[in-house]
$ cat upload.csv   # CSV, C-alpha atoms
chain,number,residue,atom,x,y,z
A,1,MET,CA,99.9,159.4,137.5
A,2,SER,CA,100.5,156.7,134.9
A,3,ALA,CA,102.1,157.5,131.6
A,4,PRO,CA,99.7,157.4,128.6
A,5,GLY,CA,101.6,154.4,127.2
A,6,ASP,CA,101.2,152.4,130.4
A,7,ASP,CA,97.7,151.2,129.4
A,8,ALA,CA,98.8,149.7,126.1
A,9,PRO,CA,100.1,146.3,127.6
A,10,SER,CA,96.9,145.9,129.6
A,11,ARG,CA,94.7,146.5,126.6
A,12,SER,CA,96.8,144.0,124.6
A,13,GLU,CA,96.5,141.5,127.4
A,14,ARG,CA,92.7,142.0,127.6
A,15,GLU,CA,92.4,141.5,123.9
A,16,ARG,CA,94.5,138.3,124.0
A,17,SER,CA,92.4,137.1,127.0
A,18,ARG,CA,89.2,137.7,125.1
A,19,SER,CA,90.7,136.0,122.0
A,20,ARG,CA,91.6,132.9,124.2
A,21,GLU,CA,88.1,132.9,125.8
A,22,HIS,CA,86.5,133.1,122.3
A,23,GLY,CA,88.7,130.3,121.1
A,24,ASP,CA,88.0,128.2,124.2
A,25,SER,CA,84.3,128.8,123.8
A,26,ALA,CA,84.4,127.8,120.1
A,27,PHE,CA,86.3,124.7,120.9
A,28,GLN,CA,83.8,123.7,123.7
A,29,ASN,CA,81.0,124.3,121.3
A,30,GLN,CA,82.6,122.0,118.8
A,31,VAL,CA,83.1,119.3,121.4
A,32,ARG,CA,79.5,119.6,122.5
A,33,ALA,CA,78.3,119.4,118.9
A,34,ALA,CA,80.5,116.4,118.3
A,35,ARG,CA,79.3,114.7,121.5
A,36,THR,CA,75.7,115.4,120.6
A,37,GLU,CA,76.2,114.0,117.1
A,38,PHE,CA,78.0,110.9,118.5
A,39,GLU,CA,75.1,110.3,121.0
A,40,GLN,CA,72.6,110.6,118.2
A,41,HIS,CA,74.5,108.0,116.2
A,42,ILE,CA,74.7,105.7,119.2
A,43,GLY,CA,71.0,106.2,119.8
A,44,ARG,CA,70.1,105.3,116.2
A,45,ALA,CA,72.4,102.3,116.3
A,46,ARG,CA,70.9,101.1,119.5
A,47,ALA,CA,67.4,101.5,118.1
A,48,ASP,CA,68.3,99.6,115.0
A,49,PHE,CA,70.0,96.9,117.1
A,50,GLU,CA,66.9,96.6,119.3
A,51,GLN,CA,64.6,96.4,116.3
A,52,ALA,CA,66.7,93.7,114.7
A,53,ASN,CA,66.9,91.9,117.9
A,54,GLU,CA,63.1,92.0,118.3
A,55,ARG,CA,62.6,90.7,114.7
A,56,ILE,CA,65.0,87.8,115.5
A,57,ASN,CA,63.3,87.1,118.8
A,58,ALA,CA,59.9,87.1,117.1
A,59,ARG,CA,61.1,84.8,114.4
A,60,THR,CA,62.9,82.3,116.6
A,61,GLY,CA,61.1,82.8,120.0
A,62,ARG,CA,64.5,83.2,121.7
A,63,ASN,CA,66.7,86.0,122.9
A,64,LEU,CA,69.6,85.3,120.5
A,65,PHE,CA,72.3,87.4,122.2
A,66,VAL,CA,71.6,86.2,125.7
A,67,ALA,CA,71.5,82.6,124.3
A,68,ILE,CA,74.9,83.1,122.7
A,69,LEU,CA,76.5,84.5,125.9
A,70,ILE,CA,75.2,81.5,128.0
A,71,GLY,CA,76.2,79.1,125.3
A,72,VAL,CA,79.7,80.4,125.2
A,73,ALA,CA,80.0,80.2,129.0
A,74,ILE,CA,78.9,76.6,129.0
A,75,GLY,CA,81.2,75.8,126.1
A,76,VAL,CA,84.2,77.2,128.0
A,77,VAL,CA,83.4,74.9,131.0
A,78,VAL,CA,82.8,71.8,128.8
A,79,ILE,CA,85.9,72.3,126.6
A,80,GLY,CA,88.2,73.2,129.4
A,81,SER,CA,87.2,70.2,131.6
A,82,LEU,CA,87.4,67.7,128.7
A,83,ILE,CA,90.7,68.8,127.4
A,84,PHE,CA,92.6,69.3,130.7
A,85,VAL,CA,91.0,67.2,133.5
A,86,LYS,CA,88.2,64.9,132.3
A,87,TRP,CA,87.0,63.9,135.8
A,88,VAL,CA,86.1,67.6,136.3
A,89,PHE,CA,83.6,67.1,133.5
A,90,VAL,CA,81.9,64.5,135.6
A,91,LEU,CA,81.4,67.0,138.4
A,92,PHE,CA,79.7,69.2,135.8
A,93,ALA,CA,77.7,66.5,133.9
A,94,ILE,CA,76.1,64.7,136.8
A,95,PRO,CA,74.5,67.8,138.4
A,96,VAL,CA,73.3,69.0,134.9
A,97,ALA,CA,71.7,65.7,134.2
A,98,LEU,CA,70.0,65.7,137.6
A,99,LEU,CA,68.7,69.2,136.9
A,100,GLY,CA,67.2,67.7,133.7
A,101,VAL,CA,65.6,65.0,135.7
A,102,PHE,CA,64.1,67.6,138.1
A,103,GLU,CA,62.8,69.7,135.2
A,104,LEU,CA,61.1,66.7,133.6
A,105,VAL,CA,59.6,65.5,136.8
A,106,ARG,CA,58.2,68.9,137.7
A,107,ALA,CA,56.8,69.3,134.2
A,108,LEU,CA,55.1,65.9,134.5
A,109,GLN,CA,53.7,66.8,137.8
A,110,ALA,CA,52.3,70.1,136.5
A,111,ALA,CA,50.5,68.1,133.8
A,112,GLY,CA,48.8,66.0,136.5
A,113,ARG,CA,51.2,63.0,136.5
A,114,ARG,CA,52.2,61.3,139.7
A,115,VAL,CA,56.0,61.1,139.6
A,116,ASP,CA,58.2,61.4,142.7
A,117,VAL,CA,61.1,63.9,142.8
A,118,ALA,CA,63.3,62.5,145.5
A,119,PRO,CA,63.5,58.9,144.4
A,120,GLN,CA,64.1,60.0,140.8
A,121,LEU,CA,67.0,62.2,141.8
A,122,VAL,CA,68.6,59.5,144.1
A,123,ALA,CA,68.2,56.7,141.5
A,124,GLY,CA,69.4,59.0,138.7
A,125,ALA,CA,72.5,60.0,140.7
A,126,ALA,CA,73.3,56.3,141.2
A,127,VAL,CA,72.9,55.4,137.5
A,128,LEU,CA,75.1,58.4,136.5
A,129,ALA,CA,77.8,57.6,139.0
A,130,ALA,CA,77.8,53.9,138.0
A,131,GLY,CA,78.4,54.9,134.4
A,132,PHE,CA,81.7,56.5,135.2
A,133,LEU,CA,82.9,54.4,138.2
A,134,LEU,CA,81.7,50.8,137.7
A,135,ASP,CA,82.1,48.1,135.0
A,136,ALA,CA,79.6,47.6,132.3
A,137,GLY,CA,77.9,44.6,134.0
A,138,THR,CA,77.4,46.4,137.3
A,139,HIS,CA,76.2,49.5,135.5
A,140,TRP,CA,73.4,47.5,134.0
A,141,VAL,CA,72.4,46.1,137.4
A,142,VAL,CA,72.3,49.6,138.8
A,143,VAL,CA,70.1,50.8,135.9
A,144,PHE,CA,67.7,47.9,136.4
A,145,ALA,CA,67.6,48.5,140.2
A,146,ALA,CA,67.0,52.3,139.6
A,147,VAL,CA,64.0,51.6,137.3
A,148,VAL,CA,62.5,49.0,139.7
A,149,THR,CA,63.0,51.4,142.7
A,150,VAL,CA,61.1,54.3,141.2
A,151,ILE,CA,58.3,52.0,140.0
A,152,VAL,CA,57.9,50.3,143.4
A,153,TRP,CA,58.1,53.7,145.1
A,154,ARG,CA,55.3,55.0,142.9
A,155,LEU,CA,53.1,52.0,143.6
A,156,MET,CA,53.7,52.2,147.4
A,157,ALA,CA,53.1,56.0,147.3
A,158,GLN,CA,49.8,55.4,145.5
A,159,MET,CA,48.7,52.9,148.1
A,160,VAL,CA,49.6,55.0,151.0
A,161,SER,CA,48.0,58.1,149.6
A,162,GLY,CA,44.6,56.5,149.3
A,163,GLU,CA,43.9,58.7,146.3
A,164,SER,CA,41.3,57.4,144.0
A,165,ARG,CA,42.8,56.9,140.5
A,166,ARG,CA,41.9,54.6,137.7
A,167,TYR,CA,44.0,51.6,136.8
A,168,GLY,CA,45.0,53.2,133.6
A,169,GLN,CA,46.2,56.4,135.3
A,170,VAL,CA,48.3,54.4,137.9
A,171,LEU,CA,49.8,52.3,135.1
A,172,SER,CA,50.7,55.4,133.2
A,173,ASP,CA,52.4,56.9,136.2
A,174,VAL,CA,54.4,53.8,136.7
A,175,LEU,CA,55.5,53.6,133.1
A,176,ILE,CA,56.4,57.3,133.1
A,177,SER,CA,58.5,56.9,136.3
A,178,GLY,CA,60.5,54.2,134.6
A,179,PHE,CA,60.8,56.2,131.4
A,180,VAL,CA,62.3,59.2,133.3
A,181,GLN,CA,65.2,57.0,134.5
A,182,LEU,CA,65.9,55.6,131.0
A,183,TYR,CA,65.5,58.9,129.2
A,184,VAL,CA,67.9,61.1,131.2
A,185,PRO,CA,70.1,59.2,133.7
A,186,PHE,CA,70.7,56.1,131.6
A,187,LEU,CA,71.4,58.0,128.4
A,188,GLY,CA,73.6,60.4,130.3
A,189,SER,CA,75.5,57.5,131.9
A,190,LEU,CA,76.4,56.2,128.5
A,191,LEU,CA,78.2,59.5,127.9
A,192,LEU,CA,80.2,58.9,131.1
A,193,ILE,CA,81.0,55.4,130.0
A,194,LEU,CA,82.4,56.8,126.8
A,195,LEU,CA,84.3,59.4,128.8
A,196,ARG,CA,86.2,56.9,130.9
A,197,GLU,CA,87.5,55.1,127.8
A,198,ASP,CA,91.1,55.8,126.6
A,199,GLY,CA,90.7,59.0,124.6
A,200,GLY,CA,87.0,59.0,125.3
A,201,GLU,CA,87.1,62.7,126.3
A,202,PHE,CA,87.9,63.6,122.7
A,203,TRP,CA,85.0,61.5,121.5
A,204,VAL,CA,82.7,63.2,124.0
A,205,LEU,CA,83.9,66.6,122.8
A,206,ALA,CA,83.5,65.6,119.2
A,207,MET,CA,80.0,64.4,119.7
A,208,ILE,CA,78.9,67.5,121.6
A,209,ALA,CA,80.6,69.7,119.0
A,210,VAL,CA,78.7,68.0,116.1
A,211,VAL,CA,75.4,68.3,118.0
A,212,VAL,CA,76.0,72.0,118.7
A,213,GLY,CA,77.2,72.5,115.2
A,214,ALA,CA,74.0,70.9,113.8
A,215,ASP,CA,71.9,73.0,116.1
A,216,THR,CA,73.7,76.2,115.2
A,217,GLY,CA,73.5,75.4,111.5
A,218,ALA,CA,69.8,74.6,111.7
A,219,TYR,CA,69.2,77.8,113.6
A,220,ALA,CA,71.0,80.0,111.2
A,221,ALA,CA,69.7,78.4,108.0
A,222,GLY,CA,66.2,78.3,109.3
A,223,LEU,CA,66.3,81.9,110.3
A,224,ALA,CA,67.7,83.0,106.9
A,225,PHE,CA,66.0,80.7,104.5
A,226,GLY,CA,63.4,78.6,106.4
A,227,LYS,CA,60.1,78.4,104.5
A,228,HIS,CA,59.1,74.7,104.4
A,229,PRO,CA,58.1,73.2,107.8
A,230,MET,CA,59.7,69.9,108.6
A,231,ALA,CA,57.3,68.6,111.2
A,232,PRO,CA,54.6,71.3,111.7
A,233,ARG,CA,52.5,69.2,114.1
A,234,ILE,CA,55.5,68.5,116.4
A,235,SER,CA,57.7,71.6,116.1
A,236,PRO,CA,56.4,74.4,113.8
A,237,LYS,CA,59.6,76.4,113.7
A,238,LYS,CA,61.8,73.6,112.3
A,239,THR,CA,62.2,73.7,108.6
A,240,TRP,CA,63.8,71.6,105.9
A,241,GLU,CA,66.1,74.5,105.1
A,242,GLY,CA,67.2,74.4,108.7
A,243,PHE,CA,67.8,70.7,108.5
A,244,ALA,CA,69.9,71.2,105.4
A,245,GLY,CA,72.0,73.8,107.2
A,246,ALA,CA,72.3,71.4,110.2
A,247,GLY,CA,73.6,68.7,107.9
A,248,VAL,CA,76.2,70.9,106.3
A,249,VAL,CA,77.6,72.2,109.5
A,250,ALA,CA,77.5,68.8,111.3
A,251,MET,CA,79.4,67.2,108.4
A,252,LEU,CA,82.1,69.9,108.4
A,253,VAL,CA,82.6,69.7,112.2
A,254,ALA,CA,82.6,65.9,112.2
A,255,VAL,CA,85.2,65.6,109.4
A,256,GLY,CA,87.4,68.2,111.1
A,257,PHE,CA,87.2,66.4,114.5
A,258,ALA,CA,87.7,62.9,112.9
A,259,TRP,CA,90.8,64.0,111.0
A,260,LEU,CA,92.4,66.5,113.5
A,261,LEU,CA,91.5,65.2,116.9
A,262,LEU,CA,90.3,61.6,116.8
A,263,GLY,CA,93.1,60.4,114.5
A,264,LEU,CA,90.6,58.8,112.0
A,265,PRO,CA,90.5,59.0,108.2
A,266,ALA,CA,88.6,62.0,107.1
A,267,TRP,CA,85.9,59.9,105.4
A,268,THR,CA,84.8,58.5,108.8
A,269,GLY,CA,83.8,62.1,109.7
A,270,VAL,CA,81.0,61.8,107.1
A,271,ILE,CA,79.7,58.7,108.8
A,272,ILE,CA,79.9,60.3,112.2
A,273,GLY,CA,78.2,63.5,111.0
A,274,ILE,CA,75.3,61.6,109.3
A,275,VAL,CA,74.7,59.3,112.3
A,276,ILE,CA,74.9,62.0,115.0
A,277,LEU,CA,72.8,64.4,112.8
A,278,GLY,CA,70.1,61.7,112.7
A,279,SER,CA,70.2,61.0,116.5
A,280,ALA,CA,70.2,64.7,117.4
A,281,THR,CA,67.2,65.4,115.1
A,282,VAL,CA,65.3,62.5,116.6
A,283,GLY,CA,66.1,63.6,120.1
A,284,ASP,CA,65.1,67.2,119.4
A,285,LEU,CA,61.8,66.1,117.8
A,286,ALA,CA,61.1,63.6,120.6
A,287,GLU,CA,61.5,66.2,123.3
A,288,SER,CA,59.2,68.5,121.3
A,289,MET,CA,56.6,65.8,121.3
A,290,ILE,CA,56.9,65.5,125.0
A,291,LYS,CA,56.5,69.2,125.6
A,292,ARG,CA,53.6,69.4,123.2
A,293,ASP,CA,51.9,66.5,125.1
A,294,LEU,CA,52.5,68.4,128.3
A,295,GLY,CA,51.3,71.7,126.8
A,296,ILE,CA,54.5,73.6,127.5
A,297,LYS,CA,57.0,75.6,125.4
A,298,ASP,CA,60.1,75.0,127.5
A,299,MET,CA,60.9,72.6,130.3
A,300,SER,CA,61.9,75.6,132.4
A,301,SER,CA,63.3,79.1,132.2
A,302,TRP,CA,66.6,78.5,134.0
A,303,LEU,CA,68.7,79.2,130.9
A,304,PRO,CA,67.5,82.5,129.4
A,305,GLY,CA,67.5,82.2,125.6
A,306,HIS,CA,67.6,78.4,125.8
A,307,GLY,CA,64.7,77.4,128.0
A,308,GLY,CA,65.6,74.6,130.4
A,309,VAL,CA,68.5,72.3,130.9
A,310,LEU,CA,66.7,69.5,129.3
A,311,ASP,CA,66.0,71.7,126.3
A,312,ARG,CA,69.8,71.7,125.7
A,313,LEU,CA,70.2,68.0,126.4
A,314,ASP,CA,67.5,66.8,124.1
A,315,SER,CA,69.8,66.3,121.1
A,316,ILE,CA,72.8,65.2,123.2
A,317,LEU,CA,71.1,62.4,125.2
A,318,PRO,CA,70.2,60.1,122.3
A,319,SER,CA,73.5,60.9,120.6
A,320,THR,CA,75.3,59.3,123.5
A,321,VAL,CA,74.2,55.9,122.2
A,322,VAL,CA,75.5,56.3,118.7
A,323,ALA,CA,78.7,58.0,119.9
A,324,LEU,CA,79.5,55.0,122.1
A,325,VAL,CA,78.8,52.6,119.2
A,326,LEU,CA,80.9,54.7,116.8
A,327,PHE,CA,83.8,54.7,119.2
A,328,HIS,CA,83.9,50.9,119.3
A,329,ALA,CA,83.3,50.5,115.6
A,330,LEU,CA,85.8,53.1,114.3
A,331,SER,CA,88.6,53.0,116.9
A,332,PRO,CA,90.4,50.2,115.0
A,333,LEU,CA,90.8,52.7,112.1
A,334,VAL,CA,92.8,55.1,114.2
A,335,MET,CA,95.9,56.1,112.3
A,336,SER,CA,99.1,55.7,114.2

$ encode --input "upload.csv" --output "structure tokens"
Amino acid sequence: MSAPGDDAPSRSERERSRSREHGDSAFQNQVRAARTEFEQHIGRARADFEQANERINARTGRNLFVAILIGVAIGVVVIGSLIFVKWVFVLFAIPVALLGVFELVRALQAAGRRVDVAPQLVAGAAVLAAGFLLDAGTHWVVVFAAVVTVIVWRLMAQMVSGESRRYGQVLSDVLISGFVQLYVPFLGSLLLILLREDGGEFWVLAMIAVVVGADTGAYAAGLAFGKHPMAPRISPKKTWEGFAGAGVVAMLVAVGFAWLLLGLPAWTGVIIGIVILGSATVGDLAESMIKRDLGIKDMSSWLPGHGGVLDRLDSILPSTVVALVLFHALSPLVMS
């Protein structure tokens, strides 16, 4: 038989075990409570975030956060190619421009216009390649040949089809076919002409940065303060407050690039900012007029939060003209 005192350690051990179990249970309860409270905070924060996102989307018609992610990804490609190996930018720019041509042609076809996809893409690729590879005189010949080719192709296609269309409709199709080449490939090729110049990659980067800065400034200022429509019959969401925001950001970006990257006096940045702000605004409104005429909101939905490729190129394409002119006009002022 066990001595009476032999049960004392076992009772003590049982008490300590119960104490540990009680402590563990209390700790687990605290952990569960903390986790539940944390999950509730996360749920409320997610709900608040979704509500804010819905309000922003309703105000702007875009998914802001998806648009930012896509914009950052494109920006990395553009900046990296222009800074390190500029011919890589050509491999990016030409397919993007051709996607813009494809979007525009398909939108025109959906609206009942007779425009041919394949000739437009082939002619557009020739114009874009000529802008980077050939001299200025030959480039103009290629542009002329491209416009003539798509026009003649459309006339021949109309005759072969035997479709009954009025003279005015056929003439409209022919003019629109030529317009597609001048609007996207030709303006895009001017950017590649600028790119091949000595230091041209920095001018291309500066121009794109000013355009993006203006667009971002307009977006932010319009979202925060926009009350007075700028052109309600063309683009109802654009406001004068947004235009003011675009001007401020465009000017700051242009002055910074002129002084720090282009080697120009800081005051030239004001000129660059004003001129590119004007061309970007005209390009944006012009594409809005085209879309309104076609009865569409976006050229496509390939870029979530942005619309189509051409919806991102609308401000850049006309700005290539002024950027090329500014390059030749201001380059003599470069500080050694």

$ atom_distance --input "upload.csv" --atom1 "CA of Val210 in chain A" --atom2 "CA of Ala254 in chain A"
5.9 Å

$ atom_distance --input "upload.csv" --atom1 "CA of Phe225 in chain A" --atom2 "CA of Ala244 in chain A"
10.3 Å

$ closest_residue --input "upload.csv" --among "A:Ala118, A:Val174, A:Val142, A:Leu313" --to "Met156 in chain A" --atoms "all atoms listed in the file"
A:Val174

$ atom_distance --input "upload.csv" --atom1 "CA of Leu294 in chain A" --atom2 "CA of Leu223 in chain A"
26.4 Å

$ closest_residue --input "upload.csv" --among "A:His139, A:Lys86, A:Arg114, A:Arg166" --to "Ile151 in chain A" --atoms "all atoms listed in the file"
A:Arg114

$ closest_residue --input "upload.csv" --among "A:Gly242, A:Gly137, A:Pro95, A:Gly124" --to "Leu182 in chain A" --atoms "only C-alpha atoms"
A:Gly124

$ closest_residue --input "upload.csv" --among "A:Met299, A:Leu317, A:Ile83, A:Leu69" --to "Tyr183 in chain A" --atoms "all atoms listed in the file"
A:Leu317

$ closest_residue --input "upload.csv" --among "A:Ser189, A:Ser331, A:Ser235, A:Gln30" --to "Lys297 in chain A" --atoms "only C-alpha atoms"
A:Ser235

$ residues_near_point --input "upload.csv" --point "(78.6, 55.1, 122.1)" --cutoff "12 Å" --atoms "all atoms listed in the file" --output "PyMOL selection string"
chain A and resi 187-197+200+203-204+206-207+272+275-276+279+316-331

$ write_last_selection --input "upload.csv" --atoms "C-alpha atoms" --output "mmCIF file, in the coordinates of the input"
data_model
loop_
_atom_site.group_PDB
_atom_site.id
_atom_site.type_symbol
_atom_site.label_atom_id
_atom_site.label_comp_id
_atom_site.auth_asym_id
_atom_site.auth_seq_id
_atom_site.Cartn_x
_atom_site.Cartn_y
_atom_site.Cartn_z
ATOM 1 C CA LEU A 187 71.400 58.000 128.400
ATOM 2 C CA GLY A 188 73.600 60.400 130.300
ATOM 3 C CA SER A 189 75.500 57.500 131.900
ATOM 4 C CA LEU A 190 76.400 56.200 128.500
ATOM 5 C CA LEU A 191 78.200 59.500 127.900
ATOM 6 C CA LEU A 192 80.200 58.900 131.100
ATOM 7 C CA ILE A 193 81.000 55.400 130.000
ATOM 8 C CA LEU A 194 82.400 56.800 126.800
ATOM 9 C CA LEU A 195 84.300 59.400 128.800
ATOM 10 C CA ARG A 196 86.200 56.900 130.900
ATOM 11 C CA GLU A 197 87.500 55.100 127.800
ATOM 12 C CA GLY A 200 87.000 59.000 125.300
ATOM 13 C CA TRP A 203 85.000 61.500 121.500
ATOM 14 C CA VAL A 204 82.700 63.200 124.000
ATOM 15 C CA ALA A 206 83.500 65.600 119.200
ATOM 16 C CA MET A 207 80.000 64.400 119.700
ATOM 17 C CA ILE A 272 79.900 60.300 112.200
ATOM 18 C CA VAL A 275 74.700 59.300 112.300
ATOM 19 C CA ILE A 276 74.900 62.000 115.000
ATOM 20 C CA SER A 279 70.200 61.000 116.500
ATOM 21 C CA ILE A 316 72.800 65.200 123.200
ATOM 22 C CA LEU A 317 71.100 62.400 125.200
ATOM 23 C CA PRO A 318 70.200 60.100 122.300
ATOM 24 C CA SER A 319 73.500 60.900 120.600
ATOM 25 C CA THR A 320 75.300 59.300 123.500
ATOM 26 C CA VAL A 321 74.200 55.900 122.200
ATOM 27 C CA VAL A 322 75.500 56.300 118.700
ATOM 28 C CA ALA A 323 78.700 58.000 119.900
ATOM 29 C CA LEU A 324 79.500 55.000 122.100
ATOM 30 C CA VAL A 325 78.800 52.600 119.200
ATOM 31 C CA LEU A 326 80.900 54.700 116.800
ATOM 32 C CA PHE A 327 83.800 54.700 119.200
ATOM 33 C CA HIS A 328 83.900 50.900 119.300
ATOM 34 C CA ALA A 329 83.300 50.500 115.600
ATOM 35 C CA LEU A 330 85.800 53.100 114.300
ATOM 36 C CA SER A 331 88.600 53.000 116.900
#

$ decode --input "upload.csv" --residues "range 94-119 of chain A" --atoms "N, CA and C atoms" --output "compact mmCIF listing (two decimals), in the first residue's frame"
# COMPACT_ATOMS: atom_id res chain seq x y z
N ILE A 94 5.30 50.39 -82.39
CA ILE A 94 4.64 50.03 -83.65
C ILE A 94 3.45 49.10 -83.42
N PRO A 95 3.59 48.01 -82.66
CA PRO A 95 2.40 47.18 -82.40
C PRO A 95 1.28 47.94 -81.69
N VAL A 96 1.62 48.83 -80.77
CA VAL A 96 0.59 49.61 -80.07
C VAL A 96 -0.16 50.50 -81.05
N ALA A 97 0.58 51.17 -81.94
CA ALA A 97 -0.07 52.02 -82.94
C ALA A 97 -0.96 51.20 -83.87
N LEU A 98 -0.50 50.04 -84.25
CA LEU A 98 -1.31 49.19 -85.14
C LEU A 98 -2.57 48.68 -84.42
N LEU A 99 -2.46 48.44 -83.12
CA LEU A 99 -3.66 48.09 -82.36
C LEU A 99 -4.65 49.26 -82.36
N GLY A 100 -4.11 50.48 -82.30
CA GLY A 100 -4.97 51.65 -82.40
C GLY A 100 -5.66 51.73 -83.75
N VAL A 101 -4.93 51.40 -84.82
CA VAL A 101 -5.53 51.37 -86.16
C VAL A 101 -6.65 50.33 -86.21
N PHE A 102 -6.37 49.15 -85.66
CA PHE A 102 -7.36 48.07 -85.67
C PHE A 102 -8.61 48.48 -84.90
N GLU A 103 -8.43 49.09 -83.73
CA GLU A 103 -9.57 49.54 -82.94
C GLU A 103 -10.42 50.55 -83.72
N LEU A 104 -9.76 51.52 -84.33
CA LEU A 104 -10.49 52.57 -85.05
C LEU A 104 -11.24 51.98 -86.23
N VAL A 105 -10.60 51.09 -86.98
CA VAL A 105 -11.26 50.48 -88.14
C VAL A 105 -12.47 49.66 -87.70
N ARG A 106 -12.31 48.88 -86.65
CA ARG A 106 -13.44 48.06 -86.19
C ARG A 106 -14.58 48.93 -85.66
N ALA A 107 -14.26 50.02 -85.00
CA ALA A 107 -15.30 50.93 -84.53
C ALA A 107 -16.03 51.57 -85.70
N LEU A 108 -15.29 51.93 -86.74
CA LEU A 108 -15.91 52.50 -87.94
C LEU A 108 -16.79 51.48 -88.64
N GLN A 109 -16.33 50.25 -88.72
CA GLN A 109 -17.13 49.20 -89.33
C GLN A 109 -18.41 48.96 -88.56
N ALA A 110 -18.32 48.98 -87.22
CA ALA A 110 -19.51 48.77 -86.40
C ALA A 110 -20.53 49.88 -86.60
N ALA A 111 -20.05 51.06 -87.00
CA ALA A 111 -20.94 52.19 -87.26
C ALA A 111 -21.47 52.21 -88.69
N GLY A 112 -21.12 51.18 -89.48
CA GLY A 112 -21.63 51.09 -90.84
C GLY A 112 -20.71 51.62 -91.91
N ARG A 113 -19.49 52.02 -91.55
CA ARG A 113 -18.53 52.50 -92.55
C ARG A 113 -17.85 51.31 -93.21
N ARG A 114 -17.47 51.50 -94.47
CA ARG A 114 -16.74 50.46 -95.20
C ARG A 114 -15.26 50.82 -95.20
N VAL A 115 -14.52 50.25 -94.26
CA VAL A 115 -13.08 50.45 -94.14
C VAL A 115 -12.44 49.08 -94.03
N ASP A 116 -11.32 48.89 -94.70
CA ASP A 116 -10.71 47.55 -94.81
C ASP A 116 -9.58 47.39 -93.79
N VAL A 117 -9.64 46.31 -93.01
CA VAL A 117 -8.69 46.11 -91.92
C VAL A 117 -7.28 45.81 -92.44
N ALA A 118 -7.14 44.77 -93.28
CA ALA A 118 -5.81 44.32 -93.70
C ALA A 118 -5.00 45.41 -94.40
N PRO A 119 -5.55 46.11 -95.41
CA PRO A 119 -4.76 47.16 -96.06
C PRO A 119 -4.36 48.28 -95.09
